[in-house]
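**Student:** structure.txt (compact mmCIF, C-alpha atoms and all ligand atoms) pasted underneath:
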# COMPACT_ATOMS: atom_id res chain seq x y z
CA MET A 1 63.19 188.99 49.85
CA LEU A 2 62.24 191.74 47.39
CA ILE A 3 64.09 195.00 47.97
CA ALA A 4 63.34 198.21 46.10
CA ILE A 5 66.33 200.54 45.84
CA GLU A 6 65.24 204.04 44.92
CA LYS A 7 67.08 206.61 42.81
CA VAL A 8 69.94 204.47 41.54
CA LEU A 9 69.78 206.87 38.60
CA ASP A 10 68.42 210.40 38.90
CA LYS A 11 65.85 211.74 36.42
CA ASP A 12 68.52 213.49 34.32
CA GLU A 13 70.45 210.25 33.95
CA VAL A 14 67.22 208.41 33.06
CA ARG A 15 66.53 211.00 30.33
CA GLN A 16 70.04 210.55 28.91
CA PHE A 17 69.71 206.76 29.03
CA ARG A 18 66.34 206.88 27.30
CA ALA A 19 67.54 209.23 24.54
CA ARG A 20 70.21 206.71 23.64
CA LEU A 21 68.11 203.58 24.19
CA ASP A 22 65.08 204.83 22.27
CA ALA A 23 67.33 205.34 19.20
CA ALA A 24 69.17 202.03 19.63
CA ASP A 25 69.08 198.90 17.48
CA TRP A 26 66.76 196.43 19.25
CA GLN A 27 66.77 192.71 18.48
CA ASP A 28 64.48 189.76 19.26
CA GLY A 29 65.10 188.84 22.91
CA ALA A 30 64.12 185.17 22.44
CA LYS A 31 67.56 184.51 20.91
CA SER A 32 69.28 184.77 24.30
CA ALA A 33 66.81 182.62 26.27
CA GLY A 34 67.28 178.96 27.17
CA SER A 35 65.12 176.48 25.24
CA LEU A 36 62.36 176.33 27.89
CA ALA A 37 62.20 180.08 28.47
CA ARG A 38 62.34 180.90 24.75
CA ALA A 39 58.70 179.97 24.14
CA GLN A 40 57.68 182.30 26.99
CA LYS A 41 59.70 185.33 25.96
CA ARG A 42 58.45 188.09 23.70
CA ASN A 43 60.57 191.23 24.06
CA LEU A 44 63.44 193.14 22.49
CA GLN A 45 67.03 193.40 23.69
CA ILE A 46 70.19 195.27 22.77
CA ASP A 47 73.23 193.29 21.64
CA GLU A 48 75.31 192.95 24.81
CA LYS A 49 78.52 193.42 22.81
CA SER A 50 77.37 196.82 21.51
CA GLU A 51 79.02 200.09 22.56
CA ILE A 52 75.75 201.46 23.98
CA ALA A 53 75.21 198.39 26.20
CA SER A 54 78.73 198.56 27.60
CA SER A 55 78.80 202.33 28.17
CA LEU A 56 75.35 202.50 29.83
CA GLY A 57 76.05 199.26 31.69
CA ASN A 58 79.30 200.62 33.10
CA HIS A 59 77.47 203.75 34.22
CA ILE A 60 75.00 201.59 36.18
CA LEU A 61 77.87 199.58 37.70
CA ARG A 62 79.54 202.79 38.90
CA ARG A 63 76.28 203.97 40.53
CA ILE A 64 75.48 200.72 42.34
CA GLY A 65 79.12 200.20 43.32
CA THR A 66 78.87 203.17 45.67
CA HIS A 67 75.20 202.79 46.67
CA PRO A 68 75.07 201.88 50.41
CA LEU A 69 71.62 200.24 50.27
CA PHE A 70 72.56 198.13 47.23
CA ILE A 71 75.81 196.98 48.86
CA SER A 72 74.02 196.21 52.14
CA ALA A 73 71.24 194.24 50.43
CA ALA A 74 73.23 192.39 47.75
CA LEU A 75 76.70 191.99 49.33
CA PRO A 76 77.99 191.71 45.75
CA CYS A 77 80.94 189.56 44.80
CA LYS A 78 80.49 189.57 40.99
CA ILE A 79 78.02 191.47 38.84
CA TYR A 80 76.98 190.48 35.33
CA PRO A 81 77.37 193.41 32.87
CA PRO A 82 73.91 195.06 32.76
CA ARG A 83 71.73 194.26 29.75
CA PHE A 84 68.75 196.15 28.35
CA ASN A 85 65.26 195.11 27.29
CA ARG A 86 62.13 196.66 25.88
CA TYR A 87 58.56 195.35 26.05
CA THR A 88 55.97 196.86 23.72
CA ASP A 89 52.96 195.76 21.57
CA GLY A 90 51.86 193.01 23.97
CA GLY A 91 55.44 192.02 24.77
CA THR A 92 55.69 189.70 27.78
CA TYR A 93 57.91 187.16 29.52
CA GLY A 94 55.96 184.24 31.01
CA ALA A 95 56.85 182.50 34.26
CA HIS A 96 60.48 181.34 34.30
CA ILE A 97 63.54 180.97 36.50
CA ASP A 98 66.76 182.66 35.40
CA GLY A 99 69.80 180.53 34.53
CA SER A 100 71.84 179.54 37.59
CA VAL A 101 75.42 179.71 36.31
CA MET A 102 76.40 182.12 33.57
CA ARG A 103 79.56 182.88 31.68
CA VAL A 104 80.34 186.59 31.60
CA PRO A 105 80.54 187.39 27.85
CA GLY A 106 84.03 187.76 26.43
CA THR A 107 85.68 186.35 29.57
CA ASN A 108 86.42 182.99 31.20
CA THR A 109 84.62 184.14 34.34
CA THR A 110 81.50 182.33 35.47
CA LEU A 111 78.94 183.79 37.82
CA ARG A 112 76.37 182.06 40.03
CA SER A 113 73.19 184.11 39.92
CA ASP A 114 72.07 184.60 43.52
CA LEU A 115 70.11 187.80 42.92
CA SER A 116 68.32 189.18 39.89
CA ALA A 117 68.06 192.93 39.40
CA THR A 118 65.72 195.03 37.28
CA LEU A 119 66.42 198.75 36.89
CA PHE A 120 63.26 200.45 35.61
CA LEU A 121 63.90 203.06 32.88
CA SER A 122 60.27 203.91 31.98
CA GLU A 123 57.94 205.79 34.31
CA PRO A 124 54.95 203.66 35.42
CA GLU A 125 52.50 205.99 33.64
CA GLU A 126 54.30 205.52 30.29
CA TYR A 127 52.89 202.01 29.88
CA ASP A 128 50.06 199.65 30.89
CA GLY A 129 50.88 196.15 32.10
CA GLY A 130 54.55 195.24 32.34
CA GLU A 131 54.42 194.39 36.05
CA LEU A 132 57.29 192.28 37.33
CA GLU A 133 55.65 189.49 39.36
CA VAL A 134 57.86 187.46 41.68
CA GLU A 135 56.67 184.30 43.45
CA GLY A 136 57.72 184.01 47.08
CA ALA A 137 56.83 182.22 50.30
CA PHE A 138 53.82 184.53 50.75
CA GLY A 139 52.53 184.33 47.16
CA ALA A 140 53.25 186.55 44.16
CA GLN A 141 54.42 190.12 44.69
CA SER A 142 54.08 192.64 41.92
CA ALA A 143 56.46 195.53 41.19
CA LYS A 144 56.31 198.49 38.84
CA LEU A 145 58.83 201.02 40.07
CA GLU A 146 59.65 204.59 39.06
CA ALA A 147 62.27 205.18 36.39
CA GLY A 148 65.70 205.09 38.03
CA ASP A 149 64.63 202.65 40.79
CA LEU A 150 65.92 199.09 41.03
CA LEU A 151 64.26 195.88 42.25
CA LEU A 152 66.42 193.13 43.76
CA TYR A 153 64.88 189.65 44.08
CA PRO A 154 66.16 186.11 44.60
CA ALA A 155 67.30 184.64 41.27
CA SER A 156 65.88 181.31 42.45
CA SER A 157 62.31 182.66 42.34
CA LEU A 158 59.77 182.03 39.61
CA HIS A 159 58.96 185.38 37.98
CA ARG A 160 57.23 186.90 34.97
CA VAL A 161 56.62 190.20 33.18
CA THR A 162 52.93 190.72 32.36
CA PRO A 163 52.00 191.82 28.80
CA VAL A 164 52.59 195.50 27.97
CA THR A 165 49.34 196.64 26.35
CA ARG A 166 50.19 200.35 25.91
CA GLY A 167 53.46 202.24 25.55
CA ALA A 168 56.89 200.74 26.12
CA ARG A 169 58.60 199.33 29.19
CA VAL A 170 62.36 199.85 29.00
CA ALA A 171 64.61 198.37 31.67
CA SER A 172 68.09 197.17 32.46
CA PHE A 173 68.53 193.74 34.01
CA PHE A 174 71.47 191.84 35.44
CA TRP A 175 72.51 189.26 38.00
CA ILE A 176 74.65 189.31 41.11
CA GLU A 177 76.76 186.62 42.68
CA SER A 178 76.65 187.51 46.36
CA LEU A 179 79.27 186.92 49.04
CA VAL A 180 76.37 185.27 50.91
CA ARG A 181 74.69 182.67 48.74
CA ASP A 182 71.67 181.91 50.95
CA ASP A 183 68.80 184.38 50.72
CA GLY A 184 67.75 183.84 54.36
CA GLU A 185 71.28 184.49 55.70
CA ARG A 186 71.66 187.53 53.44
CA THR A 187 68.30 188.89 54.62
CA LEU A 188 69.34 188.55 58.29
CA LEU A 189 72.57 190.46 57.58
CA PHE A 190 70.63 193.15 55.71
CA ASP A 191 68.14 193.62 58.56
CA LEU A 192 70.95 193.76 61.13
CA ASP A 193 72.95 196.23 59.04
CA GLN A 194 69.93 198.50 58.55
CA ALA A 195 69.24 198.45 62.32
CA ILE A 196 72.90 199.29 63.03
CA GLN A 197 72.80 202.16 60.51
CA ALA A 198 69.67 203.54 62.22
CA LEU A 199 71.25 203.20 65.70
CA THR A 200 74.38 204.98 64.47
CA ARG A 201 72.26 208.08 64.00
CA LYS A 202 70.96 207.87 67.59
CA VAL A 203 73.96 206.98 69.74
CA THR A 204 77.63 207.98 69.79
CA ALA A 205 80.12 206.06 67.66
CA ALA A 206 81.80 204.72 70.82
CA ASP A 207 78.58 203.29 72.29
CA PRO A 208 79.58 199.81 73.58
CA ASP A 209 76.32 198.14 72.48
CA LEU A 210 76.67 199.60 68.99
CA LEU A 211 80.24 198.25 68.84
CA LYS A 212 79.01 194.85 69.97
CA LEU A 213 76.27 194.72 67.32
CA THR A 214 78.74 195.83 64.64
CA GLY A 215 81.04 193.01 65.75
CA VAL A 216 78.15 190.51 65.53
CA TYR A 217 77.42 191.71 61.98
CA HIS A 218 81.01 191.23 60.84
CA ASN A 219 81.39 187.89 62.56
CA MET A 220 78.18 186.59 60.95
CA LEU A 221 79.41 187.85 57.56
CA ARG A 222 82.81 186.21 58.19
CA ARG A 223 81.02 182.94 58.97
CA TRP A 224 78.81 182.99 55.85
CA ALA A 225 80.83 184.82 53.19
CA ILE A 226 82.27 182.83 50.30
CA THR A 227 84.92 184.84 48.48
NI NI B 301 64.06 186.48 34.31
Just dump the structure as structure tokens.
Ligand code: NI
**Tutor:**
Amino acid sequence: MLIAIEKVLDKDEVRQFRARLDAADWQDGAKSAGSLARAQKRNLQIDEKSEIASSLGNHILRRIGTHPLFISAALPCKIYPPRFNRYTDGGTYGAHIDGSVMRVPGTNTTLRSDLSATLFLSEPEEYDGGELEVEGAFGAQSAKLEAGDLLLYPASSLHRVTPVTRGARVASFFWIESLVRDDGERTLLFDLDQAIQALTRKVTAADPDLLKLTGVYHNMLRRWAIT
């Protein structure tokens, strides 16, 4: 399932991010791709060991760590430190699947990528092209979100970034190991949680049916969660 999470960063934060990123030292992104994906990848990235990547990345982690919709949709267990990319001058990333198991840089921790995340840092009108296209059961879906919004999609899906023919597309990207590995199970939990949240606004907290549904949610999560 593709889930758009709006306003992870507000416009002020986006402006501050962009001021730092637009002045940053960008390197050829093909260096960090696997051998198959390398031929498909034409973009720029920031060294993940740099101060700017870690300080902006930590800011994103603080925002999503308290974002109810992100938590509900991703059920995060581990999050890869956010990275940053820039597509300009025809830059593109052809169809590929992200790596499945990754080592978190500078640690002995590995992470299974269940979900991929793209946080858009350019407004859609700043550039032409640069759509994120994700293949799913119902064909390809295309996303080009507002700056500050985040797209979550299954890391198992084939996806691509179409060529940027005008302007620059700046984004942050990272991966999430979820407590619930299976996308279908995670989607059921998300739908149930969203329905419970909506009901909470309509009935009293002690409503017995609301309590029952909340119990079902937690008992499904208990059944499926891998910690
Ligand atoms: Ni990718």
**Student:** Identify, on the basis of all atoms listed in the file, every residue whose closest approach to Asn58 (chain A) does not exceed 8 Å; exclude the query and any residue fewer than 3 positions from it along the same chain; express the result as a list in words.
**Tutor:**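 Once the adjacent positions are removed, what remains is Ser54, Ser55, Leu61, Arg62, Pro81 and Pro82 of chain A.
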**Student:** Ligand NI 301 (chain B): which residues are within 9 Å, counting only C-alpha atoms and all ligand atoms? Reply as JSON, numbers by chain.
**Tutor:** {"A": [37, 93, 95, 96, 97, 98, 99, 116, 155, 158, 159, 160, 161, 173]}
**Student:** Counting only C-alpha atoms, figure out which residue out of A:Lys202, A:Ile52, A:Gly94, A:Tyr127 gets nearest to Leu36 (chain A).
**Tutor:**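 Once distances to Leu36 (chain A) are computed over only C-alpha atoms, the minimum belongs to A:Gly94.
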**Student:** What does the distance from CA of Trp26 (chain A) to CA of Gln40 (chain A) come to in Å, to one decimal?
**Tutor:**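 Pair CA of Trp26 (chain A) / CA of Gln40 (chain A) returns 18.5 Å.
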**Student:** Counting only C-alpha atoms, find the residues whose atoms lie at most 10 Å from (84.0, 180.6, 49.6) (file coordinates) and write them out as a ChimeraX atom specification.
**Tutor:** /A:179-181,224-227
**Student:** What is the distance, in Å and to one decimal place, between CA of Glu125 (chain A) and CA of Glu146 (chain A)?
**Tutor:**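 According to the coordinates, CA of Glu125 (chain A) and CA of Glu146 (chain A) are separated by 9.1 Å.
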**Student:** Have a look at CA of Tyr153 (chain A) and CA of Ala53 (chain A) and let me know their distance in Å, one decimal.
**Tutor:**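 Going from CA of Tyr153 (chain A) over to CA of Ala53 (chain A), I get 22.4 Å.
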**Student:** Taking into account all atoms listed in the file, which residue in the set A:Phe17, A:Phe174, A:Phe70, A:Tyr80 is nearest to Leu56 (chain A)?
**Tutor:** A:Phe17
**Student:** Give one line per residue of region 27-78 of chain A that approaches region 83-89 of chain A to at most 7 Å, naming the two atoms of the closest pair and their distance in Å to one decimal, counting all atoms listed in the file; sort by chain then ascending residue number and deliver it as CSV.
**Tutor:**
residue,atom,partner,partner_atom,distance
A:Asn43,CA,A:Tyr87,CA,5.0
A:Leu44,CA,A:Arg86,CA,5.1
A:Gln45,CA,A:Asn85,CA,4.4
A:Ile46,CA,A:Phe84,CA,5.8
A:Glu48,CA,A:Arg83,CA,6.2
A:Ala53,CA,A:Arg83,CA,6.5
A:Gly57,CA,A:Arg83,CA,6.9
**Student:** Taking all atoms listed in the file into account, which of A:Glu131, A:Ser142, A:Gly136, A:Glu177 comes nearest Val101 (chain A)?
**Tutor:**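 Selected residue with least distance to Val101 (chain A): A:Glu177.
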**Student:** With 3 Å added on each side, what axis-aligned box encloses every listed atom of region 31-48 of chain A? Give the centre and edge lengths in Å to one decimal, as JSON.
**Tutor:**
{"center_x": 66.5, "center_y": 185.8, "center_z": 24.7, "size_x": 23.6, "size_y": 24.9, "size_z": 13.6}
**Student:** Rank nothing, just name the residue among A:Pro105, A:Lys78, A:Gly148, A:Ala19 nearest to Asp47 (chain A), using only C-alpha atoms.
**Tutor:**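 Distance minimum relative to Asp47 (chain A) lands on A:Pro105.
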